[in-house]
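J.: Next up is a structure, given as structure tokens.
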Amino acid sequence: MAVIAKSLQSGTTLTSSKASVFTAGSGTYVVTSGVLSNPTTEAVAFTLQIKRSGGVALDLIPERSIQANGTDLLPELSSLVLTSGDQLLASGAGLVCVLNGYALS
């Protein structure tokens, strides 16, 4: 088995609608860290969900706010295991999302 450090999401700007920020390909992925930053001038609320392959979206973070020029380190994602087809969905108008982790093959 190979363990490869990866940038799972190198950086994307979220919108007010939930959208996929990461979809697991074949194999297994482990999220080690995530960061949401708020470069705007106002507080922004965000949500984060997991959608297991073939399942329904479930709230990991139903709603939380990040103050202007603030960050959230997303401790709920630490060591989260994703397998083929699993998705992380997020919303939060103007927030920047970065995810790091490992791919196991």
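Naming works like this for the structure tokens: A, B, ... for the chains as they're shown, residue 1 at the start of each chain, ligands 1 onward in shown order.
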When you look at Ala103 in chain A with a cut-off of 10 Å (counting only C-alpha atoms), what residues show up, excluding the ones that are within fewer than 4 positions of it in the same chain? I need them as a list in words.
T.: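 Non-adjacent residues within range: Ala2, Val3, Ile4, Ala5, Lys6, Ser7, Leu8, Ala24, Gly25, Ser26, Gly27, Thr28, Tyr29, Val30, Val31, Val81, Leu82 and Thr83 of chain A.
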J.: So that I can see what lies close to Leu88 in chain A, please list as a ChimeraX atom specification the residues with an atom at most 7 Å from it, counting only C-alpha atoms and leaving out residues fewer than 2 positions away in the same chain.
T.: /A:20-23,49-51,90
J.: Could you give me the residues within range 25-96 of chain A that DSSP places in strand (DSSP E), as a JSON list (two decimals) with C-alpha atoms, in the first residue's frame?
T.:
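For reference, selection_3.json as written:
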```
[["chain", "number", "residue", "atom", "x", "y", "z"],
["A", 28, "THR", "CA", -9.18, 5.74, -0.02],
["A", 29, "TYR", "CA", -8.44, 9.32, 1.05],
["A", 30, "VAL", "CA", -7.84, 10.75, 4.51],
["A", 31, "VAL", "CA", -8.35, 14.45, 5.17],
["A", 32, "THR", "CA", -5.65, 15.66, 7.56],
["A", 33, "SER", "CA", -6.47, 19.36, 7.63],
["A", 34, "GLY", "CA", -8.75, 21.97, 6.17],
["A", 35, "VAL", "CA", -8.87, 25.75, 6.24],
["A", 36, "LEU", "CA", -11.62, 28.18, 5.41],
["A", 37, "SER", "CA", -10.55, 31.81, 5.23],
["A", 44, "VAL", "CA", -19.84, 34.92, 6.45],
["A", 45, "ALA", "CA", -21.82, 31.85, 7.49],
["A", 46, "PHE", "CA", -20.82, 28.50, 6.00],
["A", 47, "THR", "CA", -22.02, 24.90, 6.00],
["A", 48, "LEU", "CA", -20.12, 21.69, 5.33],
["A", 49, "GLN", "CA", -21.65, 18.33, 4.44],
["A", 50, "ILE", "CA", -20.48, 14.84, 3.59],
["A", 51, "LYS", "CA", -22.23, 12.82, 0.94],
["A", 57, "ALA", "CA", -25.79, 14.67, 2.17],
["A", 58, "LEU", "CA", -25.33, 14.85, 5.96],
["A", 59, "ASP", "CA", -24.32, 17.95, 7.92],
["A", 60, "LEU", "CA", -20.84, 17.90, 9.44],
["A", 61, "ILE", "CA", -21.07, 21.61, 10.21],
["A", 62, "PRO", "CA", -24.71, 22.78, 9.93],
["A", 63, "GLU", "CA", -23.78, 26.48, 10.13],
["A", 64, "ARG", "CA", -20.94, 28.45, 11.60],
["A", 65, "SER", "CA", -19.66, 31.97, 10.91],
["A", 66, "ILE", "CA", -16.19, 33.27, 10.18],
["A", 71, "THR", "CA", -10.13, 31.61, 9.48],
["A", 72, "ASP", "CA", -11.62, 28.32, 10.63],
["A", 80, "LEU", "CA", -12.01, 11.94, 8.00],
["A", 81, "VAL", "CA", -11.87, 8.88, 5.71],
["A", 82, "LEU", "CA", -13.38, 9.12, 2.22],
["A", 83, "THR", "CA", -13.76, 6.31, -0.30],
["A", 87, "GLN", "CA", -18.03, 14.07, -1.60],
["A", 88, "LEU", "CA", -17.49, 17.04, 0.67],
["A", 89, "LEU", "CA", -19.99, 19.83, -0.05],
["A", 90, "ALA", "CA", -19.68, 23.39, 1.21],
["A", 91, "SER", "CA", -21.28, 26.81, 0.94],
["A", 96, "VAL", "CA", -11.70, 30.29, 0.38]]
```
J.: I need the residue nearest Ala43 in chain A from this list: A:Ala68, A:Leu95, A:Met1, A:Leu104. Use only C-alpha atoms for the distance.
T.: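 When distances to Ala43 in chain A are compared using only C-alpha atoms, the smallest one comes from A:Ala68.
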J.: Considering only C-alpha atoms, state which residue in the set A:Gly11, A:Ser79, A:Ser84, A:Leu74 is at the smallest distance from Gly101 in chain A.
T.: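 The shortest atom-to-atom distance to Gly101 in chain A comes from A:Ser79.
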J.: Name the closest residue to Gln67 in chain A among the candidates A:Thr40, A:Leu14, A:Gly92, A:Arg52; distances are taken between atoms, counting only C-alpha atoms.
T.: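 Of A:Thr40, A:Leu14, A:Gly92, A:Arg52, the one nearest Gln67 in chain A is A:Thr40, counting only C-alpha atoms.
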